[in-house]
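Below is the file start_36.cif, which contains mmCIF, N, CA and C atoms.
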```
data_my_file
loop_
_atom_site.group_PDB
_atom_site.id
_atom_site.type_symbol
_atom_site.label_atom_id
_atom_site.label_comp_id
_atom_site.auth_asym_id
_atom_site.auth_seq_id
_atom_site.Cartn_x
_atom_site.Cartn_y
_atom_site.Cartn_z
ATOM 1 N N MET A 1 19.444 65.819 -68.357
ATOM 2 C CA MET A 1 20.450 64.905 -67.878
ATOM 3 C C MET A 1 21.065 65.488 -66.604
ATOM 4 N N GLY A 2 21.303 64.645 -65.592
ATOM 5 C CA GLY A 2 21.850 65.095 -64.317
ATOM 6 C C GLY A 2 23.337 65.396 -64.393
ATOM 7 N N ALA A 3 23.798 66.125 -63.414
ATOM 8 C CA ALA A 3 25.213 66.470 -63.356
ATOM 9 C C ALA A 3 26.022 65.250 -62.933
ATOM 10 N N LYS A 4 27.242 65.152 -63.449
ATOM 11 C CA LYS A 4 28.110 64.045 -63.095
ATOM 12 C C LYS A 4 28.674 64.277 -61.696
ATOM 13 N N ARG A 5 28.715 63.231 -60.912
ATOM 14 C CA ARG A 5 29.220 63.301 -59.552
ATOM 15 C C ARG A 5 30.744 63.408 -59.579
ATOM 16 N N ARG A 6 31.281 64.367 -58.847
ATOM 17 C CA ARG A 6 32.733 64.542 -58.780
ATOM 18 C C ARG A 6 33.336 63.505 -57.852
ATOM 19 N N SER A 7 34.550 63.101 -58.165
ATOM 20 C CA SER A 7 35.260 62.206 -57.260
ATOM 21 C C SER A 7 36.602 62.854 -56.925
ATOM 22 N N PHE A 8 37.074 62.579 -55.743
ATOM 23 C CA PHE A 8 38.310 63.186 -55.257
ATOM 24 C C PHE A 8 39.280 62.082 -54.860
ATOM 25 N N ASP A 9 40.539 62.228 -55.239
ATOM 26 C CA ASP A 9 41.503 61.192 -54.901
ATOM 27 C C ASP A 9 41.847 61.250 -53.407
ATOM 28 N N PRO A 10 42.347 60.154 -52.873
ATOM 29 C CA PRO A 10 42.638 60.088 -51.432
ATOM 30 C C PRO A 10 43.616 61.165 -50.948
ATOM 31 N N GLU A 11 44.550 61.551 -51.790
ATOM 32 C CA GLU A 11 45.512 62.582 -51.401
ATOM 33 C C GLU A 11 44.831 63.936 -51.204
ATOM 34 N N PHE A 12 43.888 64.255 -52.087
ATOM 35 C CA PHE A 12 43.153 65.510 -51.960
ATOM 36 C C PHE A 12 42.331 65.508 -50.683
ATOM 37 N N ARG A 13 41.651 64.388 -50.427
ATOM 38 C CA ARG A 13 40.836 64.278 -49.218
ATOM 39 C C ARG A 13 41.690 64.447 -47.962
ATOM 40 N N ALA A 14 42.800 63.727 -47.925
ATOM 41 C CA ALA A 14 43.682 63.805 -46.751
ATOM 42 C C ALA A 14 44.220 65.220 -46.572
ATOM 43 N N GLY A 15 44.566 65.872 -47.664
ATOM 44 C CA GLY A 15 45.068 67.242 -47.580
ATOM 45 C C GLY A 15 44.022 68.210 -47.066
ATOM 46 N N ALA A 16 42.801 68.056 -47.523
ATOM 47 C CA ALA A 16 41.715 68.930 -47.069
ATOM 48 C C ALA A 16 41.465 68.743 -45.580
ATOM 49 N N VAL A 17 41.448 67.494 -45.123
ATOM 50 C CA VAL A 17 41.245 67.220 -43.696
ATOM 51 C C VAL A 17 42.405 67.781 -42.887
ATOM 52 N N ARG A 18 43.611 67.628 -43.397
ATOM 53 C CA ARG A 18 44.798 68.144 -42.707
ATOM 54 C C ARG A 18 44.726 69.663 -42.544
ATOM 55 N N ILE A 19 44.234 70.356 -43.557
ATOM 56 C CA ILE A 19 44.094 71.820 -43.461
ATOM 57 C C ILE A 19 43.150 72.177 -42.319
ATOM 58 N N VAL A 20 42.027 71.483 -42.231
ATOM 59 C CA VAL A 20 41.057 71.755 -41.159
ATOM 60 C C VAL A 20 41.701 71.507 -39.800
ATOM 61 N N LYS A 21 42.385 70.366 -39.663
ATOM 62 C CA LYS A 21 42.967 69.994 -38.373
ATOM 63 C C LYS A 21 44.111 70.922 -37.962
ATOM 64 N N GLU A 22 44.982 71.263 -38.888
ATOM 65 C CA GLU A 22 46.180 72.032 -38.550
ATOM 66 C C GLU A 22 45.935 73.524 -38.412
ATOM 67 N N THR A 23 44.995 74.065 -39.171
ATOM 68 C CA THR A 23 44.772 75.512 -39.123
ATOM 69 C C THR A 23 43.686 75.899 -38.133
ATOM 70 N N GLY A 24 42.786 74.962 -37.843
ATOM 71 C CA GLY A 24 41.670 75.282 -36.968
ATOM 72 C C GLY A 24 40.605 76.121 -37.644
ATOM 73 N N LYS A 25 40.728 76.300 -38.952
ATOM 74 C CA LYS A 25 39.707 77.057 -39.690
ATOM 75 C C LYS A 25 38.414 76.257 -39.732
ATOM 76 N N PRO A 26 37.285 76.935 -39.820
ATOM 77 C CA PRO A 26 36.007 76.227 -39.945
ATOM 78 C C PRO A 26 35.954 75.410 -41.234
ATOM 79 N N VAL A 27 35.268 74.292 -41.161
ATOM 80 C CA VAL A 27 35.127 73.412 -42.321
ATOM 81 C C VAL A 27 34.556 74.186 -43.505
ATOM 82 N N ALA A 28 33.558 75.016 -43.258
ATOM 83 C CA ALA A 28 32.917 75.761 -44.348
ATOM 84 C C ALA A 28 33.917 76.680 -45.059
ATOM 85 N N GLU A 29 34.798 77.307 -44.313
ATOM 86 C CA GLU A 29 35.778 78.214 -44.915
ATOM 87 C C GLU A 29 36.784 77.444 -45.767
ATOM 88 N N VAL A 30 37.283 76.327 -45.244
ATOM 89 C CA VAL A 30 38.243 75.514 -45.994
ATOM 90 C C VAL A 30 37.576 74.968 -47.254
ATOM 91 N N ALA A 31 36.353 74.495 -47.117
ATOM 92 C CA ALA A 31 35.628 73.965 -48.280
ATOM 93 C C ALA A 31 35.462 75.037 -49.349
ATOM 94 N N ARG A 32 35.100 76.227 -48.929
ATOM 95 C CA ARG A 32 34.925 77.328 -49.877
ATOM 96 C C ARG A 32 36.250 77.627 -50.587
ATOM 97 N N ASP A 33 37.345 77.646 -49.824
ATOM 98 C CA ASP A 33 38.662 77.913 -50.413
ATOM 99 C C ASP A 33 39.062 76.846 -51.435
ATOM 100 N N LEU A 34 38.659 75.597 -51.170
ATOM 101 C CA LEU A 34 39.016 74.500 -52.059
ATOM 102 C C LEU A 34 38.012 74.273 -53.177
ATOM 103 N N GLY A 35 36.869 74.945 -53.100
ATOM 104 C CA GLY A 35 35.854 74.813 -54.143
ATOM 105 C C GLY A 35 35.053 73.527 -54.045
ATOM 106 N N ILE A 36 34.870 73.032 -52.819
ATOM 107 C CA ILE A 36 34.077 71.823 -52.620
ATOM 108 C C ILE A 36 32.919 72.123 -51.676
ATOM 109 N N ASN A 37 31.967 71.204 -51.622
ATOM 110 C CA ASN A 37 30.814 71.364 -50.761
ATOM 111 C C ASN A 37 31.233 71.204 -49.308
ATOM 112 N N ALA A 38 30.742 72.070 -48.442
ATOM 113 C CA ALA A 38 31.108 72.032 -47.027
ATOM 114 C C ALA A 38 30.677 70.726 -46.376
ATOM 115 N N TYR A 39 29.528 70.197 -46.754
ATOM 116 C CA TYR A 39 29.067 68.963 -46.146
ATOM 117 C C TYR A 39 29.956 67.789 -46.544
ATOM 118 N N THR A 40 30.481 67.814 -47.756
ATOM 119 C CA THR A 40 31.412 66.778 -48.191
ATOM 120 C C THR A 40 32.651 66.782 -47.304
ATOM 121 N N LEU A 41 33.221 67.968 -47.103
ATOM 122 C CA LEU A 41 34.409 68.074 -46.251
ATOM 123 C C LEU A 41 34.075 67.697 -44.812
ATOM 124 N N HIS A 42 32.907 68.084 -44.352
ATOM 125 C CA HIS A 42 32.475 67.705 -43.000
ATOM 126 C C HIS A 42 32.478 66.183 -42.852
ATOM 127 N N ASN A 43 31.978 65.484 -43.853
ATOM 128 C CA ASN A 43 31.960 64.019 -43.805
ATOM 129 C C ASN A 43 33.367 63.441 -43.765
ATOM 130 N N TRP A 44 34.296 64.029 -44.522
ATOM 131 C CA TRP A 44 35.674 63.546 -44.515
ATOM 132 C C TRP A 44 36.329 63.758 -43.151
ATOM 133 N N VAL A 45 36.084 64.917 -42.552
ATOM 134 C CA VAL A 45 36.652 65.213 -41.235
ATOM 135 C C VAL A 45 36.058 64.263 -40.194
ATOM 136 N N LYS A 46 34.766 64.032 -40.268
ATOM 137 C CA LYS A 46 34.104 63.122 -39.336
ATOM 138 C C LYS A 46 34.678 61.714 -39.474
ATOM 139 N N ALA A 47 34.859 61.232 -40.690
ATOM 140 C CA ALA A 47 35.414 59.902 -40.919
ATOM 141 C C ALA A 47 36.837 59.806 -40.375
ATOM 142 N N ASP A 48 37.606 60.881 -40.518
ATOM 143 C CA ASP A 48 38.977 60.898 -39.997
ATOM 144 C C ASP A 48 38.971 60.805 -38.473
ATOM 145 N N ARG A 49 38.092 61.542 -37.829
ATOM 146 C CA ARG A 49 37.993 61.499 -36.363
ATOM 147 C C ARG A 49 37.577 60.112 -35.891
ATOM 148 N N GLU A 50 36.621 59.508 -36.587
ATOM 149 C CA GLU A 50 36.167 58.168 -36.201
ATOM 150 C C GLU A 50 37.270 57.141 -36.393
ATOM 151 N N ALA A 51 38.042 57.256 -37.466
ATOM 152 C CA ALA A 51 39.156 56.327 -37.703
ATOM 153 C C ALA A 51 40.219 56.488 -36.619
ATOM 154 N N ALA A 52 40.486 57.723 -36.213
ATOM 155 C CA ALA A 52 41.465 57.966 -35.146
ATOM 156 C C ALA A 52 40.967 57.382 -33.829
ATOM 157 N N ALA A 53 39.688 57.499 -33.561
ATOM 158 C CA ALA A 53 39.119 56.940 -32.326
ATOM 159 C C ALA A 53 39.204 55.415 -32.334
ATOM 160 N N ARG A 54 38.942 54.798 -33.472
ATOM 161 C CA ARG A 54 39.053 53.335 -33.577
ATOM 162 C C ARG A 54 40.487 52.891 -33.360
ATOM 163 N N THR A 55 41.441 53.656 -33.896
ATOM 164 C CA THR A 55 42.852 53.321 -33.741
ATOM 165 C C THR A 55 43.260 53.408 -32.275
ATOM 166 N N ARG A 56 42.804 54.460 -31.590
ATOM 167 C CA ARG A 56 43.127 54.616 -30.167
ATOM 168 C C ARG A 56 42.492 53.500 -29.341
ATOM 169 N N ALA A 57 41.275 53.106 -29.700
ATOM 170 C CA ALA A 57 40.561 52.076 -28.948
ATOM 171 C C ALA A 57 41.193 50.701 -29.150
ATOM 172 N N ALA A 58 41.834 50.492 -30.290
ATOM 173 C CA ALA A 58 42.439 49.198 -30.589
ATOM 174 C C ALA A 58 43.762 48.989 -29.848
ATOM 175 N N ARG A 59 44.322 50.038 -29.300
ATOM 176 C CA ARG A 59 45.617 49.919 -28.613
ATOM 177 C C ARG A 59 45.478 49.266 -27.279
#
```
Translate this structure into structure tokens?
Amino acid sequence: MGAKRRSFDPEFRAGAVRIVKETGKPVAEVARDLGINAYTLHNWVKADREAAARTRAAR
């Protein structure tokens, strides 16, 4: 039987992205500290950057 996929609430995701943005630490280091996959956090950071770009473009 396969492993169950973990899910993270929006607050956790936002907090993880905020740590990357505010501290300037590498995504891999923050992910390791939080116990999550680095690629998962990379995707969250990328989505945050894209959302910010869309917001700026809409102004």
When you draw a straight line from atom N of A:Ala51 to atom C of A:Phe12, how long is it in Å?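 Here the two named atoms are 16.2 Å from each other.
The space between atom CA of A:Gly24 and atom CA of A:Arg54 spans 22.4 Å.
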Proximity to A:Ile19 - best of A:Ala52, A:Arg6, A:Ala57, A:Leu41, only C-alpha atoms: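 Smallest separation from A:Ile19 among the options: A:Leu41.
Relative to atom CA of A:Ala53, atom CA of A:Gly35 is found at 28.4 Å.
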Please run DSSP on the backbone and report, as a PDB file with N, CA and C atoms, in the coordinates of the input, all residues within chain A that come out as alpha helix (DSSP H).
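Wrote it out as part_30.pdb, contents follow:
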```pdb
ATOM      1  N   PRO A  10      42.347  60.154 -52.873  1.00  0.00           N
ATOM      2  CA  PRO A  10      42.638  60.088 -51.432  1.00  0.00           C
ATOM      3  C   PRO A  10      43.616  61.165 -50.948  1.00  0.00           C
ATOM      4  N   GLU A  11      44.550  61.551 -51.790  1.00  0.00           N
ATOM      5  CA  GLU A  11      45.512  62.582 -51.401  1.00  0.00           C
ATOM      6  C   GLU A  11      44.831  63.936 -51.204  1.00  0.00           C
ATOM      7  N   PHE A  12      43.888  64.255 -52.087  1.00  0.00           N
ATOM      8  CA  PHE A  12      43.153  65.510 -51.960  1.00  0.00           C
ATOM      9  C   PHE A  12      42.331  65.508 -50.683  1.00  0.00           C
ATOM     10  N   ARG A  13      41.651  64.388 -50.427  1.00  0.00           N
ATOM     11  CA  ARG A  13      40.836  64.278 -49.218  1.00  0.00           C
ATOM     12  C   ARG A  13      41.690  64.447 -47.962  1.00  0.00           C
ATOM     13  N   ALA A  14      42.800  63.727 -47.925  1.00  0.00           N
ATOM     14  CA  ALA A  14      43.682  63.805 -46.751  1.00  0.00           C
ATOM     15  C   ALA A  14      44.220  65.220 -46.572  1.00  0.00           C
ATOM     16  N   GLY A  15      44.566  65.872 -47.664  1.00  0.00           N
ATOM     17  CA  GLY A  15      45.068  67.242 -47.580  1.00  0.00           C
ATOM     18  C   GLY A  15      44.022  68.210 -47.066  1.00  0.00           C
ATOM     19  N   ALA A  16      42.801  68.056 -47.523  1.00  0.00           N
ATOM     20  CA  ALA A  16      41.715  68.930 -47.069  1.00  0.00           C
ATOM     21  C   ALA A  16      41.465  68.743 -45.580  1.00  0.00           C
ATOM     22  N   VAL A  17      41.448  67.494 -45.123  1.00  0.00           N
ATOM     23  CA  VAL A  17      41.245  67.220 -43.696  1.00  0.00           C
ATOM     24  C   VAL A  17      42.405  67.781 -42.887  1.00  0.00           C
ATOM     25  N   ARG A  18      43.611  67.628 -43.397  1.00  0.00           N
ATOM     26  CA  ARG A  18      44.798  68.144 -42.707  1.00  0.00           C
ATOM     27  C   ARG A  18      44.726  69.663 -42.544  1.00  0.00           C
ATOM     28  N   ILE A  19      44.234  70.356 -43.557  1.00  0.00           N
ATOM     29  CA  ILE A  19      44.094  71.820 -43.461  1.00  0.00           C
ATOM     30  C   ILE A  19      43.150  72.177 -42.319  1.00  0.00           C
ATOM     31  N   VAL A  20      42.027  71.483 -42.231  1.00  0.00           N
ATOM     32  CA  VAL A  20      41.057  71.755 -41.159  1.00  0.00           C
ATOM     33  C   VAL A  20      41.701  71.507 -39.800  1.00  0.00           C
ATOM     34  N   LYS A  21      42.385  70.366 -39.663  1.00  0.00           N
ATOM     35  CA  LYS A  21      42.967  69.994 -38.373  1.00  0.00           C
ATOM     36  C   LYS A  21      44.111  70.922 -37.962  1.00  0.00           C
ATOM     37  N   GLU A  22      44.982  71.263 -38.888  1.00  0.00           N
ATOM     38  CA  GLU A  22      46.180  72.032 -38.550  1.00  0.00           C
ATOM     39  C   GLU A  22      45.935  73.524 -38.412  1.00  0.00           C
ATOM     40  N   THR A  23      44.995  74.065 -39.171  1.00  0.00           N
ATOM     41  CA  THR A  23      44.772  75.512 -39.123  1.00  0.00           C
ATOM     42  C   THR A  23      43.686  75.899 -38.133  1.00  0.00           C
ATOM     43  N   VAL A  27      35.268  74.292 -41.161  1.00  0.00           N
ATOM     44  CA  VAL A  27      35.127  73.412 -42.321  1.00  0.00           C
ATOM     45  C   VAL A  27      34.556  74.186 -43.505  1.00  0.00           C
ATOM     46  N   ALA A  28      33.558  75.016 -43.258  1.00  0.00           N
ATOM     47  CA  ALA A  28      32.917  75.761 -44.348  1.00  0.00           C
ATOM     48  C   ALA A  28      33.917  76.680 -45.059  1.00  0.00           C
ATOM     49  N   GLU A  29      34.798  77.307 -44.313  1.00  0.00           N
ATOM     50  CA  GLU A  29      35.778  78.214 -44.915  1.00  0.00           C
ATOM     51  C   GLU A  29      36.784  77.444 -45.767  1.00  0.00           C
ATOM     52  N   VAL A  30      37.283  76.327 -45.244  1.00  0.00           N
ATOM     53  CA  VAL A  30      38.243  75.514 -45.994  1.00  0.00           C
ATOM     54  C   VAL A  30      37.576  74.968 -47.254  1.00  0.00           C
ATOM     55  N   ALA A  31      36.353  74.495 -47.117  1.00  0.00           N
ATOM     56  CA  ALA A  31      35.628  73.965 -48.280  1.00  0.00           C
ATOM     57  C   ALA A  31      35.462  75.037 -49.349  1.00  0.00           C
ATOM     58  N   ARG A  32      35.100  76.227 -48.929  1.00  0.00           N
ATOM     59  CA  ARG A  32      34.925  77.328 -49.877  1.00  0.00           C
ATOM     60  C   ARG A  32      36.250  77.627 -50.587  1.00  0.00           C
ATOM     61  N   ASP A  33      37.345  77.646 -49.824  1.00  0.00           N
ATOM     62  CA  ASP A  33      38.662  77.913 -50.413  1.00  0.00           C
ATOM     63  C   ASP A  33      39.062  76.846 -51.435  1.00  0.00           C
ATOM     64  N   LEU A  34      38.659  75.597 -51.170  1.00  0.00           N
ATOM     65  CA  LEU A  34      39.016  74.500 -52.059  1.00  0.00           C
ATOM     66  C   LEU A  34      38.012  74.273 -53.177  1.00  0.00           C
ATOM     67  N   ALA A  38      30.742  72.070 -48.442  1.00  0.00           N
ATOM     68  CA  ALA A  38      31.108  72.032 -47.027  1.00  0.00           C
ATOM     69  C   ALA A  38      30.677  70.726 -46.376  1.00  0.00           C
ATOM     70  N   TYR A  39      29.528  70.197 -46.754  1.00  0.00           N
ATOM     71  CA  TYR A  39      29.067  68.963 -46.146  1.00  0.00           C
ATOM     72  C   TYR A  39      29.956  67.789 -46.544  1.00  0.00           C
ATOM     73  N   THR A  40      30.481  67.814 -47.756  1.00  0.00           N
ATOM     74  CA  THR A  40      31.412  66.778 -48.191  1.00  0.00           C
ATOM     75  C   THR A  40      32.651  66.782 -47.304  1.00  0.00           C
ATOM     76  N   LEU A  41      33.221  67.968 -47.103  1.00  0.00           N
ATOM     77  CA  LEU A  41      34.409  68.074 -46.251  1.00  0.00           C
ATOM     78  C   LEU A  41      34.075  67.697 -44.812  1.00  0.00           C
ATOM     79  N   HIS A  42      32.907  68.084 -44.352  1.00  0.00           N
ATOM     80  CA  HIS A  42      32.475  67.705 -43.000  1.00  0.00           C
ATOM     81  C   HIS A  42      32.478  66.183 -42.852  1.00  0.00           C
ATOM     82  N   ASN A  43      31.978  65.484 -43.853  1.00  0.00           N
ATOM     83  CA  ASN A  43      31.960  64.019 -43.805  1.00  0.00           C
ATOM     84  C   ASN A  43      33.367  63.441 -43.765  1.00  0.00           C
ATOM     85  N   TRP A  44      34.296  64.029 -44.522  1.00  0.00           N
ATOM     86  CA  TRP A  44      35.674  63.546 -44.515  1.00  0.00           C
ATOM     87  C   TRP A  44      36.329  63.758 -43.151  1.00  0.00           C
ATOM     88  N   VAL A  45      36.084  64.917 -42.552  1.00  0.00           N
ATOM     89  CA  VAL A  45      36.652  65.213 -41.235  1.00  0.00           C
ATOM     90  C   VAL A  45      36.058  64.263 -40.194  1.00  0.00           C
ATOM     91  N   LYS A  46      34.766  64.032 -40.268  1.00  0.00           N
ATOM     92  CA  LYS A  46      34.104  63.122 -39.336  1.00  0.00           C
ATOM     93  C   LYS A  46      34.678  61.714 -39.474  1.00  0.00           C
ATOM     94  N   ALA A  47      34.859  61.232 -40.690  1.00  0.00           N
ATOM     95  CA  ALA A  47      35.414  59.902 -40.919  1.00  0.00           C
ATOM     96  C   ALA A  47      36.837  59.806 -40.375  1.00  0.00           C
ATOM     97  N   ASP A  48      37.606  60.881 -40.518  1.00  0.00           N
ATOM     98  CA  ASP A  48      38.977  60.898 -39.997  1.00  0.00           C
ATOM     99  C   ASP A  48      38.971  60.805 -38.473  1.00  0.00           C
ATOM    100  N   ARG A  49      38.092  61.542 -37.829  1.00  0.00           N
ATOM    101  CA  ARG A  49      37.993  61.499 -36.363  1.00  0.00           C
ATOM    102  C   ARG A  49      37.577  60.112 -35.891  1.00  0.00           C
ATOM    103  N   GLU A  50      36.621  59.508 -36.587  1.00  0.00           N
ATOM    104  CA  GLU A  50      36.167  58.168 -36.201  1.00  0.00           C
ATOM    105  C   GLU A  50      37.270  57.141 -36.393  1.00  0.00           C
ATOM    106  N   ALA A  51      38.042  57.256 -37.466  1.00  0.00           N
ATOM    107  CA  ALA A  51      39.156  56.327 -37.703  1.00  0.00           C
ATOM    108  C   ALA A  51      40.219  56.488 -36.619  1.00  0.00           C
ATOM    109  N   ALA A  52      40.486  57.723 -36.213  1.00  0.00           N
ATOM    110  CA  ALA A  52      41.465  57.966 -35.146  1.00  0.00           C
ATOM    111  C   ALA A  52      40.967  57.382 -33.829  1.00  0.00           C
ATOM    112  N   ALA A  53      39.688  57.499 -33.561  1.00  0.00           N
ATOM    113  CA  ALA A  53      39.119  56.940 -32.326  1.00  0.00           C
ATOM    114  C   ALA A  53      39.204  55.415 -32.334  1.00  0.00           C
ATOM    115  N   ARG A  54      38.942  54.798 -33.472  1.00  0.00           N
ATOM    116  CA  ARG A  54      39.053  53.335 -33.577  1.00  0.00           C
ATOM    117  C   ARG A  54      40.487  52.891 -33.360  1.00  0.00           C
ATOM    118  N   THR A  55      41.441  53.656 -33.896  1.00  0.00           N
ATOM    119  CA  THR A  55      42.852  53.321 -33.741  1.00  0.00           C
ATOM    120  C   THR A  55      43.260  53.408 -32.275  1.00  0.00           C
ATOM    121  N   ARG A  56      42.804  54.460 -31.590  1.00  0.00           N
ATOM    122  CA  ARG A  56      43.127  54.616 -30.167  1.00  0.00           C
ATOM    123  C   ARG A  56      42.492  53.500 -29.341  1.00  0.00           C
ATOM    124  N   ALA A  57      41.275  53.106 -29.700  1.00  0.00           N
ATOM    125  CA  ALA A  57      40.561  52.076 -28.948  1.00  0.00           C
ATOM    126  C   ALA A  57      41.193  50.701 -29.150  1.00  0.00           C
ATOM    127  N   ALA A  58      41.834  50.492 -30.290  1.00  0.00           N
ATOM    128  CA  ALA A  58      42.439  49.198 -30.589  1.00  0.00           C
ATOM    129  C   ALA A  58      43.762  48.989 -29.848  1.00  0.00           C
TER     130      ALA A  58
END
```
So what does the PyMOL selection byres ((chain A and resi 42-48) around 8) actually pick up in this one, as a PDB file with N, CA and C atoms, in the coordinates of the input?
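Wrote expr.pdb, looks like this:
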```
ATOM      1  N   ARG A  13      41.651  64.388 -50.427  1.00  0.00           N
ATOM      2  CA  ARG A  13      40.836  64.278 -49.218  1.00  0.00           C
ATOM      3  C   ARG A  13      41.690  64.447 -47.962  1.00  0.00           C
ATOM      4  N   ALA A  14      42.800  63.727 -47.925  1.00  0.00           N
ATOM      5  CA  ALA A  14      43.682  63.805 -46.751  1.00  0.00           C
ATOM      6  C   ALA A  14      44.220  65.220 -46.572  1.00  0.00           C
ATOM      7  N   ALA A  16      42.801  68.056 -47.523  1.00  0.00           N
ATOM      8  CA  ALA A  16      41.715  68.930 -47.069  1.00  0.00           C
ATOM      9  C   ALA A  16      41.465  68.743 -45.580  1.00  0.00           C
ATOM     10  N   VAL A  17      41.448  67.494 -45.123  1.00  0.00           N
ATOM     11  CA  VAL A  17      41.245  67.220 -43.696  1.00  0.00           C
ATOM     12  C   VAL A  17      42.405  67.781 -42.887  1.00  0.00           C
ATOM     13  N   ARG A  18      43.611  67.628 -43.397  1.00  0.00           N
ATOM     14  CA  ARG A  18      44.798  68.144 -42.707  1.00  0.00           C
ATOM     15  C   ARG A  18      44.726  69.663 -42.544  1.00  0.00           C
ATOM     16  N   VAL A  20      42.027  71.483 -42.231  1.00  0.00           N
ATOM     17  CA  VAL A  20      41.057  71.755 -41.159  1.00  0.00           C
ATOM     18  C   VAL A  20      41.701  71.507 -39.800  1.00  0.00           C
ATOM     19  N   LYS A  21      42.385  70.366 -39.663  1.00  0.00           N
ATOM     20  CA  LYS A  21      42.967  69.994 -38.373  1.00  0.00           C
ATOM     21  C   LYS A  21      44.111  70.922 -37.962  1.00  0.00           C
ATOM     22  N   VAL A  27      35.268  74.292 -41.161  1.00  0.00           N
ATOM     23  CA  VAL A  27      35.127  73.412 -42.321  1.00  0.00           C
ATOM     24  C   VAL A  27      34.556  74.186 -43.505  1.00  0.00           C
ATOM     25  N   ALA A  28      33.558  75.016 -43.258  1.00  0.00           N
ATOM     26  CA  ALA A  28      32.917  75.761 -44.348  1.00  0.00           C
ATOM     27  C   ALA A  28      33.917  76.680 -45.059  1.00  0.00           C
ATOM     28  N   ALA A  31      36.353  74.495 -47.117  1.00  0.00           N
ATOM     29  CA  ALA A  31      35.628  73.965 -48.280  1.00  0.00           C
ATOM     30  C   ALA A  31      35.462  75.037 -49.349  1.00  0.00           C
ATOM     31  N   ASN A  37      31.967  71.204 -51.622  1.00  0.00           N
ATOM     32  CA  ASN A  37      30.814  71.364 -50.761  1.00  0.00           C
ATOM     33  C   ASN A  37      31.233  71.204 -49.308  1.00  0.00           C
ATOM     34  N   ALA A  38      30.742  72.070 -48.442  1.00  0.00           N
ATOM     35  CA  ALA A  38      31.108  72.032 -47.027  1.00  0.00           C
ATOM     36  C   ALA A  38      30.677  70.726 -46.376  1.00  0.00           C
ATOM     37  N   TYR A  39      29.528  70.197 -46.754  1.00  0.00           N
ATOM     38  CA  TYR A  39      29.067  68.963 -46.146  1.00  0.00           C
ATOM     39  C   TYR A  39      29.956  67.789 -46.544  1.00  0.00           C
ATOM     40  N   THR A  40      30.481  67.814 -47.756  1.00  0.00           N
ATOM     41  CA  THR A  40      31.412  66.778 -48.191  1.00  0.00           C
ATOM     42  C   THR A  40      32.651  66.782 -47.304  1.00  0.00           C
ATOM     43  N   LEU A  41      33.221  67.968 -47.103  1.00  0.00           N
ATOM     44  CA  LEU A  41      34.409  68.074 -46.251  1.00  0.00           C
ATOM     45  C   LEU A  41      34.075  67.697 -44.812  1.00  0.00           C
ATOM     46  N   ARG A  49      38.092  61.542 -37.829  1.00  0.00           N
ATOM     47  CA  ARG A  49      37.993  61.499 -36.363  1.00  0.00           C
ATOM     48  C   ARG A  49      37.577  60.112 -35.891  1.00  0.00           C
ATOM     49  N   GLU A  50      36.621  59.508 -36.587  1.00  0.00           N
ATOM     50  CA  GLU A  50      36.167  58.168 -36.201  1.00  0.00           C
ATOM     51  C   GLU A  50      37.270  57.141 -36.393  1.00  0.00           C
ATOM     52  N   ALA A  51      38.042  57.256 -37.466  1.00  0.00           N
ATOM     53  CA  ALA A  51      39.156  56.327 -37.703  1.00  0.00           C
ATOM     54  C   ALA A  51      40.219  56.488 -36.619  1.00  0.00           C
ATOM     55  N   ALA A  52      40.486  57.723 -36.213  1.00  0.00           N
ATOM     56  CA  ALA A  52      41.465  57.966 -35.146  1.00  0.00           C
ATOM     57  C   ALA A  52      40.967  57.382 -33.829  1.00  0.00           C
ATOM     58  N   ALA A  53      39.688  57.499 -33.561  1.00  0.00           N
ATOM     59  CA  ALA A  53      39.119  56.940 -32.326  1.00  0.00           C
ATOM     60  C   ALA A  53      39.204  55.415 -32.334  1.00  0.00           C
ATOM     61  N   ARG A  54      38.942  54.798 -33.472  1.00  0.00           N
ATOM     62  CA  ARG A  54      39.053  53.335 -33.577  1.00  0.00           C
ATOM     63  C   ARG A  54      40.487  52.891 -33.360  1.00  0.00           C
TER      64      ARG A  54
END
```
Exercise on stretch 14-26 of chain A, axis-aligned box with 3 Å per side, report centre and edge lengths in Å to one decimal, as AutoDock Vina command-line options:
```
--center_x 41.1 --center_y 70.4 --center_z -42.4 --size_x 16.2 --size_y 19.3 --size_z 17.0
```
File output, stretch 22-27 of chain A (N, CA, C and O atoms) as an mmCIF file, in the first residue's frame:
```cif
data_model
loop_
_atom_site.group_PDB
_atom_site.id
_atom_site.type_symbol
_atom_site.label_atom_id
_atom_site.label_comp_id
_atom_site.auth_asym_id
_atom_site.auth_seq_id
_atom_site.Cartn_x
_atom_site.Cartn_y
_atom_site.Cartn_z
ATOM 1 N N GLU A 22 11.705 36.462 4.021
ATOM 2 C CA GLU A 22 12.213 37.397 5.026
ATOM 3 C C GLU A 22 13.629 37.096 5.485
ATOM 4 O O GLU A 22 14.366 38.002 5.833
ATOM 5 N N THR A 23 14.012 35.829 5.508
ATOM 6 C CA THR A 23 15.344 35.487 6.011
ATOM 7 C C THR A 23 16.379 35.402 4.901
ATOM 8 O O THR A 23 17.574 35.523 5.169
ATOM 9 N N GLY A 24 15.918 35.146 3.679
ATOM 10 C CA GLY A 24 16.852 34.968 2.579
ATOM 11 C C GLY A 24 17.561 33.629 2.611
ATOM 12 O O GLY A 24 18.485 33.389 1.829
ATOM 13 N N LYS A 25 17.125 32.744 3.498
ATOM 14 C CA LYS A 25 17.725 31.404 3.556
ATOM 15 C C LYS A 25 17.341 30.622 2.309
ATOM 16 O O LYS A 25 16.284 30.842 1.726
ATOM 17 N N PRO A 26 18.177 29.688 1.899
ATOM 18 C CA PRO A 26 17.833 28.842 0.751
ATOM 19 C C PRO A 26 16.586 28.008 1.036
ATOM 20 O O PRO A 26 16.334 27.600 2.177
ATOM 21 N N VAL A 27 15.821 27.770 -0.005
ATOM 22 C CA VAL A 27 14.597 26.978 0.119
ATOM 23 C C VAL A 27 14.907 25.621 0.739
ATOM 24 O O VAL A 27 14.174 25.146 1.614
#
```
